[in-house]
>>> print(open('entry00.cif').read())   # mmCIF, C-alpha atoms and all ligand atoms
data_model
loop_
_atom_site.label_atom_id
_atom_site.label_comp_id
_atom_site.auth_asym_id
_atom_site.auth_seq_id
_atom_site.Cartn_x
_atom_site.Cartn_y
_atom_site.Cartn_z
CA MET A 221 0.00 0.00 0.00
CA PRO A 222 1.48 3.37 -0.93
CA ALA A 223 1.73 5.72 2.04
CA ASP A 224 3.84 8.67 3.02
CA PRO A 225 6.05 7.55 5.93
CA THR A 226 5.49 10.74 7.91
CA PHE A 227 1.78 10.12 8.13
CA ALA A 228 1.81 6.32 7.97
CA GLY A 229 4.04 6.24 11.04
CA LEU A 230 1.93 8.65 13.09
CA GLY A 231 -0.37 7.70 15.92
CA THR A 232 -3.77 9.32 16.42
CA THR A 233 -3.51 12.82 17.88
CA ILE A 234 -3.50 12.79 21.68
CA PHE A 235 -6.55 15.07 21.85
CA GLU A 236 -8.73 12.57 20.03
CA VAL A 237 -7.29 9.64 21.99
CA VAL A 238 -8.03 11.26 25.34
CA SER A 239 -11.49 12.52 24.35
CA ARG A 240 -12.39 8.98 23.25
CA LEU A 241 -11.11 7.58 26.55
CA ALA A 242 -13.11 10.20 28.44
CA ARG A 243 -16.27 9.07 26.64
CA THR A 244 -15.53 5.39 27.25
CA HIS A 245 -15.12 5.98 30.99
CA ASP A 246 -17.78 8.65 31.25
CA ALA A 247 -15.07 10.84 32.75
CA VAL A 248 -14.89 14.58 33.33
CA ASN A 249 -12.92 15.67 30.28
CA LEU A 250 -10.21 18.19 31.14
CA GLY A 251 -8.06 16.82 28.29
CA GLN A 252 -8.72 18.34 24.90
CA GLY A 253 -8.73 22.14 25.03
CA PHE A 254 -12.23 23.41 24.43
CA PRO A 255 -14.37 25.65 26.63
CA ASP A 256 -17.73 24.82 28.16
CA ASP A 257 -18.72 28.44 27.52
CA PRO A 258 -21.05 28.35 24.49
CA GLY A 259 -19.54 31.53 23.04
CA PRO A 260 -21.13 34.98 22.72
CA GLN A 261 -24.82 34.79 21.85
CA ASP A 262 -24.63 37.79 19.49
CA VAL A 263 -21.78 36.28 17.46
CA ARG A 264 -23.66 32.99 17.10
CA GLN A 265 -26.79 34.94 16.17
CA VAL A 266 -24.95 36.66 13.30
CA ALA A 267 -23.76 33.25 12.07
CA ALA A 268 -27.29 31.87 12.19
CA GLU A 269 -28.78 34.85 10.39
CA ALA A 270 -26.03 34.85 7.78
CA ALA A 271 -26.69 31.16 7.07
CA LEU A 272 -30.40 31.87 6.58
CA GLU A 273 -30.24 35.20 4.82
CA GLY A 274 -26.80 35.48 3.25
CA SER A 275 -25.06 33.61 0.46
CA ASN A 276 -23.97 30.09 1.20
CA GLN A 277 -21.89 29.75 -1.96
CA TYR A 278 -18.10 29.88 -2.15
CA PRO A 279 -16.89 33.13 -0.64
CA PRO A 280 -13.71 34.78 -1.99
CA MET A 281 -10.62 32.64 -1.67
CA LEU A 282 -8.84 35.08 0.65
CA GLY A 283 -11.88 35.44 2.89
CA LEU A 284 -14.82 37.83 3.06
CA PRO A 285 -13.64 41.44 2.74
CA THR A 286 -15.56 42.28 5.92
CA LEU A 287 -13.58 39.70 7.86
CA ARG A 288 -10.22 40.68 6.39
CA GLN A 289 -11.02 44.31 7.24
CA ALA A 290 -12.05 43.29 10.74
CA VAL A 291 -8.82 41.33 11.26
CA ALA A 292 -6.76 44.32 10.11
CA ALA A 293 -8.77 46.65 12.38
CA HIS A 294 -8.31 44.23 15.30
CA ASP A 295 -4.56 44.14 14.80
CA ARG A 296 -4.40 47.92 14.63
CA ARG A 297 -6.58 48.31 17.72
CA PHE A 298 -4.72 45.85 19.92
CA TYR A 299 -1.17 45.97 18.59
CA GLY A 300 -0.82 49.13 16.51
CA LEU A 301 -0.14 47.02 13.42
CA ALA A 302 -1.02 48.65 10.11
CA LEU A 303 -2.02 45.80 7.81
CA ASP A 304 -3.36 46.19 4.31
CA TRP A 305 -6.47 44.02 4.52
CA GLU A 306 -6.43 43.34 0.79
CA THR A 307 -2.90 41.97 0.54
CA GLU A 308 -1.86 41.10 4.08
CA VAL A 309 -4.69 38.99 5.51
CA VAL A 310 -5.98 35.56 4.49
CA VAL A 311 -8.76 33.65 6.24
CA THR A 312 -8.09 29.95 6.89
CA THR A 313 -9.81 26.88 8.25
CA GLY A 314 -8.61 27.45 11.77
CA ALA A 315 -5.05 27.95 12.85
CA THR A 316 -4.43 24.34 11.88
CA GLU A 317 -4.80 25.09 8.19
CA ALA A 318 -2.93 28.36 8.63
CA LEU A 319 0.03 26.46 10.05
CA ALA A 320 -0.11 23.82 7.34
CA ALA A 321 -0.29 26.44 4.59
CA CYS A 322 2.63 28.43 6.02
CA LEU A 323 4.83 25.36 6.43
CA LEU A 324 3.98 23.84 3.04
CA ALA A 325 4.51 27.18 1.33
CA LEU A 326 7.74 28.32 2.95
CA ILE A 327 9.80 25.18 3.47
CA GLU A 328 12.07 23.82 0.78
CA PRO A 329 13.49 20.31 1.28
CA GLY A 330 16.40 20.45 3.71
CA ASP A 331 15.43 23.76 5.29
CA GLU A 332 15.80 23.75 9.04
CA VAL A 333 12.93 24.83 11.24
CA VAL A 334 13.50 25.83 14.85
CA LEU A 335 10.79 24.54 17.19
CA PHE A 336 10.36 25.03 20.93
CA GLN A 337 9.41 21.98 22.96
CA PRO A 338 6.87 21.26 24.39
CA LEU A 339 4.92 21.97 21.21
CA TYR A 340 1.54 21.65 19.61
CA ASP A 341 1.22 18.26 18.01
CA SER A 342 0.61 19.27 14.39
CA TYR A 343 3.91 21.13 14.02
CA VAL A 344 6.45 18.36 13.60
CA PRO A 345 4.54 16.15 11.12
CA MET A 346 3.75 19.15 8.94
CA VAL A 347 7.35 20.39 9.01
CA ARG A 348 8.59 16.92 8.07
CA ARG A 349 6.00 16.41 5.32
CA ALA A 350 7.04 19.72 3.83
CA GLY A 351 10.63 18.42 3.68
CA GLY A 352 11.86 20.49 6.60
CA VAL A 353 14.31 19.36 9.25
CA PRO A 354 13.08 20.15 12.77
CA ARG A 355 15.65 21.52 15.22
CA PHE A 356 14.40 21.47 18.78
CA VAL A 357 14.99 23.84 21.65
CA THR A 358 13.72 22.23 24.84
CA LEU A 359 12.22 24.56 27.42
CA LYS A 360 12.30 23.32 31.00
CA PRO A 361 9.61 23.62 33.67
CA PRO A 362 8.62 25.31 35.84
CA ASP A 363 9.48 28.61 34.09
CA TRP A 364 10.18 27.24 30.59
CA ARG A 365 12.79 29.97 30.02
CA LEU A 366 14.37 30.36 26.61
CA ASP A 367 18.08 30.24 26.96
CA ARG A 368 20.45 31.92 24.49
CA SER A 369 22.90 29.06 24.29
CA ALA A 370 20.11 26.52 23.64
CA LEU A 371 18.78 28.60 20.77
CA GLU A 372 22.20 29.36 19.32
CA ALA A 373 23.04 25.66 19.40
CA VAL A 374 20.33 24.79 16.88
CA VAL A 375 20.54 27.66 14.41
CA GLY A 376 22.85 27.67 11.44
CA PRO A 377 23.10 28.43 7.73
CA GLN A 378 20.16 26.12 6.94
CA THR A 379 17.79 27.84 9.39
CA ARG A 380 14.87 29.09 7.37
CA LEU A 381 12.00 29.28 9.84
CA ILE A 382 11.35 29.67 13.54
CA LEU A 383 7.94 28.53 14.74
CA LEU A 384 6.96 30.41 17.87
CA ASN A 385 3.81 29.75 19.89
CA THR A 386 3.05 32.39 22.49
CA PRO A 387 1.12 32.05 24.76
CA LEU A 388 2.51 28.53 24.62
CA ASN A 389 0.33 25.44 24.62
CA PRO A 390 0.79 23.30 26.74
CA ALA A 391 3.30 25.15 28.94
CA ALA A 392 0.95 28.09 29.62
CA LYS A 393 3.97 30.33 29.24
CA VAL A 394 4.01 33.80 27.71
CA PHE A 395 7.37 34.61 26.13
CA GLY A 396 8.84 37.68 27.81
CA ALA A 397 10.35 40.76 26.12
CA GLU A 398 13.91 39.53 26.58
CA GLU A 399 13.10 36.17 25.03
CA LEU A 400 11.44 37.91 22.09
CA ASP A 401 14.53 40.15 21.78
CA LEU A 402 16.61 37.02 21.47
CA ILE A 403 14.35 35.46 18.85
CA GLU A 404 14.36 38.73 16.92
CA GLU A 405 18.15 38.91 17.05
CA ILE A 406 18.58 35.32 15.82
CA ALA A 407 15.91 35.62 13.11
CA ARG A 408 17.51 38.78 11.71
CA CYS A 409 21.03 37.42 11.92
CA ARG A 410 20.00 34.18 10.14
CA ASN A 411 17.58 35.87 7.77
CA ALA A 412 14.86 33.53 9.04
CA VAL A 413 11.11 33.99 8.97
CA VAL A 414 9.15 33.57 12.22
CA ILE A 415 5.75 31.89 12.09
CA CYS A 416 3.92 33.19 15.15
CA ASP A 417 1.12 30.95 16.38
CA GLU A 418 -0.76 33.38 18.60
CA VAL A 419 -4.11 31.63 18.92
CA TYR A 420 -4.21 32.39 22.68
CA GLU A 421 -3.49 36.10 22.15
CA HIS A 422 -6.53 37.15 24.21
CA ILE A 423 -6.05 34.54 26.92
CA VAL A 424 -3.25 36.13 28.94
CA PHE A 425 -3.53 36.61 32.70
CA ASP A 426 -2.44 38.72 35.65
CA GLY A 427 -2.45 42.03 33.81
CA GLN A 428 0.04 40.97 31.16
CA VAL A 429 -0.60 42.03 27.59
CA HIS A 430 0.13 39.90 24.55
CA GLN A 431 2.97 41.35 22.45
CA PRO A 432 3.19 40.00 18.91
CA LEU A 433 6.70 39.72 17.56
CA MET A 434 5.29 41.17 14.34
CA ALA A 435 4.49 44.44 16.10
CA ARG A 436 8.23 45.14 16.37
CA PRO A 437 9.24 47.35 13.44
CA ALA A 438 12.24 45.23 12.48
CA MET A 439 10.10 42.09 12.50
CA ARG A 440 7.06 43.46 10.67
CA ASP A 441 8.03 41.88 7.36
CA ARG A 442 9.75 38.85 8.80
CA CYS A 443 6.74 37.35 10.62
CA LEU A 444 3.58 35.55 9.69
CA ARG A 445 1.10 35.98 12.51
CA ILE A 446 -1.62 33.34 13.02
CA GLY A 447 -4.85 33.81 14.98
CA SER A 448 -7.93 31.68 15.63
CA ALA A 449 -11.49 32.83 16.19
CA GLY A 450 -12.06 29.52 17.95
CA LYS A 451 -10.06 30.80 20.90
CA VAL A 452 -11.17 34.44 20.76
CA PHE A 453 -14.86 33.54 20.89
CA SER A 454 -14.83 30.16 22.66
CA LEU A 455 -16.08 28.57 19.43
CA THR A 456 -13.38 25.99 18.74
CA GLY A 457 -15.59 23.95 16.42
CA TRP A 458 -15.92 26.81 13.96
CA LYS A 459 -12.35 26.47 12.72
CA VAL A 460 -11.99 30.01 11.47
CA GLY A 461 -8.42 31.29 11.53
CA TYR A 462 -6.33 33.90 9.80
CA VAL A 463 -2.76 34.59 8.74
CA MET A 464 -1.33 38.06 8.54
CA GLY A 465 1.94 39.08 6.94
CA ASN A 466 3.65 41.08 4.30
CA PRO A 467 2.45 40.35 0.75
CA ALA A 468 5.68 38.71 -0.40
CA LEU A 469 5.63 36.26 2.51
CA LEU A 470 1.90 35.69 2.30
CA ALA A 471 1.71 35.10 -1.46
CA PRO A 472 2.94 31.48 -1.41
CA VAL A 473 0.85 30.79 1.71
CA ILE A 474 -2.22 31.84 -0.27
CA LYS A 475 -1.21 29.43 -3.04
CA ALA A 476 -1.11 26.61 -0.52
CA HIS A 477 -4.44 27.72 0.96
CA GLN A 478 -6.10 27.67 -2.46
CA PHE A 479 -5.49 23.93 -2.74
CA LEU A 480 -5.84 22.94 0.89
CA VAL A 481 -9.36 24.27 1.41
CA PHE A 482 -9.76 27.24 -0.97
CA THR A 483 -12.27 28.96 1.30
CA VAL A 484 -14.09 28.97 4.64
CA PRO A 485 -17.87 28.92 5.44
CA PRO A 486 -19.25 32.41 4.74
CA ASN A 487 -21.69 32.65 7.64
CA LEU A 488 -18.96 31.88 10.15
CA GLN A 489 -16.71 34.47 8.52
CA ALA A 490 -19.47 37.07 8.77
CA ALA A 491 -19.97 36.31 12.45
CA VAL A 492 -16.26 36.47 13.26
CA ALA A 493 -16.04 39.79 11.38
CA TYR A 494 -18.78 41.10 13.63
CA GLY A 495 -17.22 39.61 16.76
CA LEU A 496 -13.76 41.09 16.24
CA GLY A 497 -15.37 44.50 16.53
CA LYS A 498 -16.83 43.78 19.96
CA GLU A 499 -16.16 46.20 22.79
CA ASP A 500 -12.93 46.08 24.82
CA ALA A 501 -14.84 44.69 27.80
CA TYR A 502 -15.54 41.50 25.86
CA PHE A 503 -11.85 40.78 25.27
CA ALA A 504 -10.86 41.74 28.82
CA GLY A 505 -13.69 39.63 30.20
CA LEU A 506 -12.55 36.56 28.30
CA ALA A 507 -9.17 36.63 30.04
CA SER A 508 -10.45 37.67 33.45
CA GLY A 509 -13.15 34.99 33.43
CA LEU A 510 -10.62 32.30 32.59
CA GLN A 511 -8.18 33.61 35.17
CA VAL A 512 -10.80 33.09 37.87
CA LYS A 513 -11.27 29.52 36.66
CA ARG A 514 -7.52 28.93 36.66
CA ASP A 515 -7.33 30.05 40.28
CA ARG A 516 -10.41 28.08 41.29
CA PHE A 517 -9.04 24.88 39.84
CA ALA A 518 -5.49 25.40 41.15
CA ALA A 519 -6.87 25.99 44.66
CA ALA A 520 -9.13 22.94 44.38
CA LEU A 521 -6.12 20.74 43.62
CA ALA A 522 -4.55 21.55 47.00
CA GLY A 523 -4.59 18.43 49.11
CA SER A 524 -4.45 16.05 46.16
CA GLY A 525 -0.67 16.14 46.00
CA LEU A 526 -0.83 17.54 42.48
CA ARG A 527 1.33 20.66 42.39
CA PRO A 528 0.15 23.28 39.89
CA LEU A 529 2.78 25.05 37.80
CA PRO A 530 2.58 28.77 36.99
CA CYS A 531 0.07 29.57 34.25
CA ALA A 532 0.38 32.93 32.46
CA GLY A 533 -2.05 32.23 29.63
CA THR A 534 -3.97 29.63 27.53
CA TYR A 535 -6.71 27.27 28.74
CA PHE A 536 -4.26 25.00 30.50
CA LEU A 537 -2.94 24.33 33.97
CA ASN A 538 -0.09 21.85 34.28
CA ALA A 539 0.41 19.91 37.46
CA ASP A 540 3.43 18.04 38.73
CA ILE A 541 2.46 14.46 39.59
CA SER A 542 5.69 13.44 41.31
CA GLU A 543 4.44 14.08 44.84
CA THR A 544 1.21 12.16 44.47
CA ARG A 545 0.79 8.66 45.85
CA ILE A 546 0.74 7.29 42.27
CA SER A 547 4.31 6.64 41.25
CA CYS A 548 4.42 6.37 37.50
CA GLY A 549 5.02 8.52 34.43
CA ASP A 550 2.52 11.00 33.01
CA VAL A 551 1.10 8.60 30.39
CA ALA A 552 0.30 5.86 32.90
CA PHE A 553 -0.97 8.50 35.32
CA CYS A 554 -3.45 9.82 32.75
CA GLU A 555 -4.53 6.29 31.78
CA ARG A 556 -5.25 5.52 35.43
CA ALA A 557 -6.82 8.91 36.15
CA VAL A 558 -9.41 8.53 33.42
CA ALA A 559 -10.28 4.95 34.37
CA GLU A 560 -9.96 5.09 38.18
CA ALA A 561 -10.75 8.71 39.05
CA GLY A 562 -12.98 9.52 36.10
CA VAL A 563 -10.94 12.58 35.10
CA ALA A 564 -9.28 12.95 31.70
CA ALA A 565 -6.07 14.97 31.34
CA ILE A 566 -3.29 15.09 28.76
CA PRO A 567 0.20 13.74 29.51
CA VAL A 568 2.60 16.60 28.77
CA SER A 569 5.15 14.19 27.26
CA ALA A 570 2.81 13.99 24.24
CA PHE A 571 4.01 17.47 23.32
CA TYR A 572 7.65 16.48 22.85
CA GLU A 573 9.60 14.83 20.07
CA GLU A 574 12.59 14.03 22.25
CA ALA A 575 13.76 14.28 25.86
CA ALA A 576 10.23 14.65 27.18
CA ALA A 577 9.30 15.75 30.67
CA THR A 578 7.26 12.86 32.09
CA HIS A 579 6.13 14.28 35.43
CA LEU A 580 3.48 16.75 34.24
CA VAL A 581 -0.15 16.47 33.24
CA ARG A 582 -2.19 19.17 31.51
CA PHE A 583 -5.70 20.09 32.64
CA CYS A 584 -8.02 22.32 30.61
CA PHE A 585 -9.72 24.69 33.08
CA ALA A 586 -11.98 26.45 30.54
CA LYS A 587 -14.91 24.58 32.05
CA ASP A 588 -18.03 25.27 34.09
CA ASP A 589 -17.25 25.75 37.77
CA ALA A 590 -19.25 22.65 38.71
CA VAL A 591 -17.19 20.60 36.25
CA LEU A 592 -13.91 21.88 37.66
CA ASP A 593 -15.07 21.25 41.22
CA GLU A 594 -16.22 17.75 40.39
CA ALA A 595 -12.90 16.95 38.70
CA ALA A 596 -10.98 18.22 41.72
CA VAL A 597 -13.13 16.20 44.13
CA ARG A 598 -12.62 13.06 42.06
CA LEU A 599 -8.86 13.61 41.88
CA ALA A 600 -8.59 14.29 45.61
CA ARG A 601 -10.61 11.16 46.42
CA TRP A 602 -8.46 9.06 44.10
CA LEU A 603 -5.15 10.48 45.27
CA GLY A 604 -6.03 11.04 48.91
N1 LIG A 701 -2.11 26.17 17.68
C1 LIG A 701 -2.23 25.93 19.00
C2 LIG A 701 -1.11 26.29 19.90
C3 LIG A 701 -3.39 25.35 19.50
O1 LIG A 701 -3.50 25.09 20.80
C4 LIG A 701 -4.42 25.02 18.60
C5 LIG A 701 -5.62 24.27 19.10
N2 LIG A 701 -6.59 24.99 19.45
C6 LIG A 701 -4.27 25.32 17.24
C7 LIG A 701 -3.09 25.87 16.82
C8 LIG A 701 -5.33 24.99 16.24
O2 LIG A 701 -6.32 25.96 16.24
P1 LIG A 701 -7.64 25.81 15.36
O3 LIG A 701 -8.62 25.06 16.17
O4 LIG A 701 -8.05 27.22 15.08
O5 LIG A 701 -7.28 25.08 14.11
N1 LIG A 702 -5.74 22.90 20.83
C1 LIG A 702 -6.48 21.93 21.56
C2 LIG A 702 -5.64 21.43 22.72
O1 LIG A 702 -4.51 21.72 22.84
C3 LIG A 702 -6.95 20.75 20.78
C4 LIG A 702 -7.10 20.88 19.34
C5 LIG A 702 -7.40 19.56 18.73
O2 LIG A 702 -8.07 18.74 19.31
N2 LIG A 702 -6.89 19.33 17.57
O3 LIG A 702 -6.15 20.69 23.50
#
>>> encode(input="entry00.cif", output="structure tokens")
Amino acid sequence: MPADPTFAGLGTTIFEVVSRLARTHDAVNLGQGFPDDPGPQDVRQVAAEAALEGSNQYPPMLGLPTLRQAVAAHDRRFYGLALDWETEVVVTTGATEALAACLLALIEPGDEVVLFQPLYDSYVPMVRRAGGVPRFVTLKPPDWRLDRSALEAVVGPQTRLILLNTPLNPAAKVFGAEELDLIEEIARCRNAVVICDEVYEHIVFDGQVHQPLMARPAMRDRCLRIGSAGKVFSLTGWKVGYVMGNPALLAPVIKAHQFLVFTVPPNLQAAVAYGLGKEDAYFAGLASGLQVKRDRFAAALAGSGLRPLPCAGTYFLNADISETRISCGDVAFCERAVAEAGVAAIPVSAFYEEAAATHLVRFCFAKDDAVLDEAAVRLARWLG
């Protein structure tokens, strides 16, 4: 049977595996990252009305003008970025397609791509399928700091791309200004492009503000910035994303997009265009509401032996399992937790290609309070 070895050799994505296990065991699912919040009523209303009253035929390949304008206006409003909506914005089927299009379009066989571990699970297969050679920088808990020597050790004449995810899933880390300075310095020195996966841009806590690398003048034309309406509006099933970048960088990405999906459902685009114009309080409330949940869940874990790590952004709280009464690695811990405690979580080692940390599990806290409380009670009973 013909098959590409990159894909033939892959397992099923950990998110699907854990969600299936959660269903099998009727467990509280804090694995896969999706919120219980149904998303803003008005945004869903626009989608419903657009499906009934608007066109349901192929929208323009680059995305509805209203959405591309809204994305450009959003990036000006929050980051001071001046994007030309006609040439610098393309709408994609979620950030997943955005990432695939960027990697397929920009990598030539043998190009090296710098990746920070732990990382989102689509990155490495897509880099490899595009012919790229991944070069890993491993960030270490609990602060996951980016170290100059670790970055310098993996860059060289073949470095073509750096793939940066901030806020970082699963580490819940927000890259600081000094770390971004370092990435900027290396990217400029190596003439590399930075693909910035910023899907959690509005899920940053404790008064911090998301700072896109692309908003730095010297990086404006060296970055492709990726966003996802799924995360901005708690509508992960919609799979509406966008890529922003200078026309020369974006042009090949658009060519990849035209044959990956070509276009994205028009009613969802119309609704996201509306939503991106929502008042500041909406965006602030998204982060503050999730921050309260983070703190509620972290506090509820006290007494279980699970030690929460710092969480500066994203939907995710990681906990150190090494002081619990269960002595095993993160994979076995999660297998037992779903079956014995009835709580599904993701083993953090799933987010590594090599040298994985095996003492951490990731919980999604973007859930109803009662769900979080029930999960914590179950974990405490199991581990107590
Ligand atoms: N990047 C990261 C870091 C993610 O966590 C996710 C998952 N939500 C994605 C990309 C994919 O986003 P989307 O659902 O918009 O395809
Ligand atoms: N981004 C989500 C997570 O990290 C899952 C996305 C998916 O299931 N593909 O849990």
>>> residues_near_ligand(input="entry00.cif", ligand="ligand LIG 702 (chain A)", cutoff="10 Å", atoms="all atoms listed in the file", output="VMD selection string")
chain A and resid 233 to 239 250 to 254 315 to 316 339 to 342 388 to 390 419 to 420 450 to 451 456 to 457 534 to 536 565 to 566 571 582 to 584
>>> residues_around(input="entry00.cif", residues="range 292-298 of chain A", least_positions_apart="4", cutoff="12 Å", atoms="only C-alpha atoms", output="PyMOL selection string")
chain A and resi 285-288+302-311+421-422+429-432+434-435+445-447+449+452+462-465+492-500+503-504
>>> write_last_selection(input="entry00.cif", atoms="C-alpha atoms", output="mmCIF file, keeping the file's coordinate frame")
data_model
loop_
_atom_site.group_PDB
_atom_site.id
_atom_site.type_symbol
_atom_site.label_atom_id
_atom_site.label_comp_id
_atom_site.auth_asym_id
_atom_site.auth_seq_id
_atom_site.Cartn_x
_atom_site.Cartn_y
_atom_site.Cartn_z
ATOM 1 C CA PRO A 285 -13.640 41.440 2.740
ATOM 2 C CA THR A 286 -15.560 42.280 5.920
ATOM 3 C CA LEU A 287 -13.580 39.700 7.860
ATOM 4 C CA ARG A 288 -10.220 40.680 6.390
ATOM 5 C CA ALA A 302 -1.020 48.650 10.110
ATOM 6 C CA LEU A 303 -2.020 45.800 7.810
ATOM 7 C CA ASP A 304 -3.360 46.190 4.310
ATOM 8 C CA TRP A 305 -6.470 44.020 4.520
ATOM 9 C CA GLU A 306 -6.430 43.340 0.790
ATOM 10 C CA THR A 307 -2.900 41.970 0.540
ATOM 11 C CA GLU A 308 -1.860 41.100 4.080
ATOM 12 C CA VAL A 309 -4.690 38.990 5.510
ATOM 13 C CA VAL A 310 -5.980 35.560 4.490
ATOM 14 C CA VAL A 311 -8.760 33.650 6.240
ATOM 15 C CA GLU A 421 -3.490 36.100 22.150
ATOM 16 C CA HIS A 422 -6.530 37.150 24.210
ATOM 17 C CA VAL A 429 -0.600 42.030 27.590
ATOM 18 C CA HIS A 430 0.130 39.900 24.550
ATOM 19 C CA GLN A 431 2.970 41.350 22.450
ATOM 20 C CA PRO A 432 3.190 40.000 18.910
ATOM 21 C CA MET A 434 5.290 41.170 14.340
ATOM 22 C CA ALA A 435 4.490 44.440 16.100
ATOM 23 C CA ARG A 445 1.100 35.980 12.510
ATOM 24 C CA ILE A 446 -1.620 33.340 13.020
ATOM 25 C CA GLY A 447 -4.850 33.810 14.980
ATOM 26 C CA ALA A 449 -11.490 32.830 16.190
ATOM 27 C CA VAL A 452 -11.170 34.440 20.760
ATOM 28 C CA TYR A 462 -6.330 33.900 9.800
ATOM 29 C CA VAL A 463 -2.760 34.590 8.740
ATOM 30 C CA MET A 464 -1.330 38.060 8.540
ATOM 31 C CA GLY A 465 1.940 39.080 6.940
ATOM 32 C CA VAL A 492 -16.260 36.470 13.260
ATOM 33 C CA ALA A 493 -16.040 39.790 11.380
ATOM 34 C CA TYR A 494 -18.780 41.100 13.630
ATOM 35 C CA GLY A 495 -17.220 39.610 16.760
ATOM 36 C CA LEU A 496 -13.760 41.090 16.240
ATOM 37 C CA GLY A 497 -15.370 44.500 16.530
ATOM 38 C CA LYS A 498 -16.830 43.780 19.960
ATOM 39 C CA GLU A 499 -16.160 46.200 22.790
ATOM 40 C CA ASP A 500 -12.930 46.080 24.820
ATOM 41 C CA PHE A 503 -11.850 40.780 25.270
ATOM 42 C CA ALA A 504 -10.860 41.740 28.820
#
>>> atom_distance(input="entry00.cif", atom1="CA of Phe356 in chain A", atom2="CA of Gly461 in chain A")
25.9 Å
>>> closest_residue(input="entry00.cif", among="A:Tyr299, A:Phe585, A:Trp364, A:Phe479", to="Val248 in chain A", atoms="only C-alpha atoms")
A:Phe585
>>> atom_distance(input="entry00.cif", atom1="CA of Ile403 in chain A", atom2="CA of Pro528 in chain A")
28.2 Å
>>> atom_distance(input="entry00.cif", atom1="CA of Thr358 in chain A", atom2="CA of Arg514 in chain A")
25.2 Å
>>> closest_residue(input="entry00.cif", among="A:Ala557, A:Val291, A:Ala247, A:Leu383", to="ligand LIG 701 (chain A)", atoms="only C-alpha atoms and all ligand atoms")
A:Leu383
>>> residues_around(input="entry00.cif", residues="Thr544 in chain A", least_positions_apart="3", cutoff="9 Å", atoms="all atoms listed in the file", output="list of chain:residue names")
A:Ser524, A:Gly525, A:Leu526, A:Arg527, A:Asp540, A:Ile541, A:Ser547, A:Leu603, A:Gly604
>>> closest_residue(input="entry00.cif", among="A:Gly283, A:Gly314, A:Pro260, A:Pro530", to="Phe425 in chain A", atoms="only C-alpha atoms")
A:Pro530
>>> axis_aligned_box(input="entry00.cif", around="range 494-504 of chain A", padding_each_side="4 Å", output="AutoDock Vina command-line options")
--center_x -14.8 --center_y 42.9 --center_z 21.2 --size_x 15.9 --size_y 14.6 --size_z 23.2
>>> residues_near_point(input="entry00.cif", point="(-24.3, 33.8, 5.9)", cutoff="7 Å", atoms="all atoms listed in the file", output="number ranges by chain")
A: 267, 269-276, 486-487, 490
>>> closest_residue(input="entry00.cif", among="A:Pro361, A:Pro222, A:Gly376, A:Pro467", to="Leu529 in chain A", atoms="all atoms listed in the file")
A:Pro361
>>> residues_around(input="entry00.cif", residues="Phe517 in chain A", least_positions_apart="2", cutoff="10 Å", atoms="only C-alpha atoms", output="PDB file with C-alpha atoms, in the coordinates of the input")
ATOM      1  CA  GLN A 511      -8.180  33.610  35.170  1.00  0.00           C
ATOM      2  CA  VAL A 512     -10.800  33.090  37.870  1.00  0.00           C
ATOM      3  CA  LYS A 513     -11.270  29.520  36.660  1.00  0.00           C
ATOM      4  CA  ARG A 514      -7.520  28.930  36.660  1.00  0.00           C
ATOM      5  CA  ASP A 515      -7.330  30.050  40.280  1.00  0.00           C
ATOM      6  CA  ALA A 519      -6.870  25.990  44.660  1.00  0.00           C
ATOM      7  CA  ALA A 520      -9.130  22.940  44.380  1.00  0.00           C
ATOM      8  CA  LEU A 521      -6.120  20.740  43.620  1.00  0.00           C
ATOM      9  CA  ALA A 522      -4.550  21.550  47.000  1.00  0.00           C
ATOM     10  CA  PRO A 528       0.150  23.280  39.890  1.00  0.00           C
ATOM     11  CA  LEU A 537      -2.940  24.330  33.970  1.00  0.00           C
ATOM     12  CA  PHE A 583      -5.700  20.090  32.640  1.00  0.00           C
ATOM     13  CA  CYS A 584      -8.020  22.320  30.610  1.00  0.00           C
ATOM     14  CA  PHE A 585      -9.720  24.690  33.080  1.00  0.00           C
ATOM     15  CA  ALA A 586     -11.980  26.450  30.540  1.00  0.00           C
ATOM     16  CA  LYS A 587     -14.910  24.580  32.050  1.00  0.00           C
ATOM     17  CA  ASP A 589     -17.250  25.750  37.770  1.00  0.00           C
ATOM     18  CA  VAL A 591     -17.190  20.600  36.250  1.00  0.00           C
ATOM     19  CA  LEU A 592     -13.910  21.880  37.660  1.00  0.00           C
ATOM     20  CA  ASP A 593     -15.070  21.250  41.220  1.00  0.00           C
ATOM     21  CA  ALA A 595     -12.900  16.950  38.700  1.00  0.00           C
ATOM     22  CA  ALA A 596     -10.980  18.220  41.720  1.00  0.00           C
TER      23      ALA A 596
END
>>> closest_residue(input="entry00.cif", among="A:Thr483, A:Thr313, A:Thr244, A:Gln428", to="ligand LIG 701 (chain A)", atoms="all atoms listed in the file")
A:Thr313
>>> closest_residue(input="entry00.cif", among="A:Arg516, A:Arg556, A:Lys459, A:Arg601", to="ligand LIG 701 (chain A)", atoms="all atoms listed in the file")
A:Lys459
>>> residues_around(input="entry00.cif", residues="Ala412 in chain A", least_positions_apart="4", cutoff="7 Å", atoms="all atoms listed in the file", output="list in words")
Thr379, Arg380, Leu381, Ile382, Ala407 and Arg408 of chain A
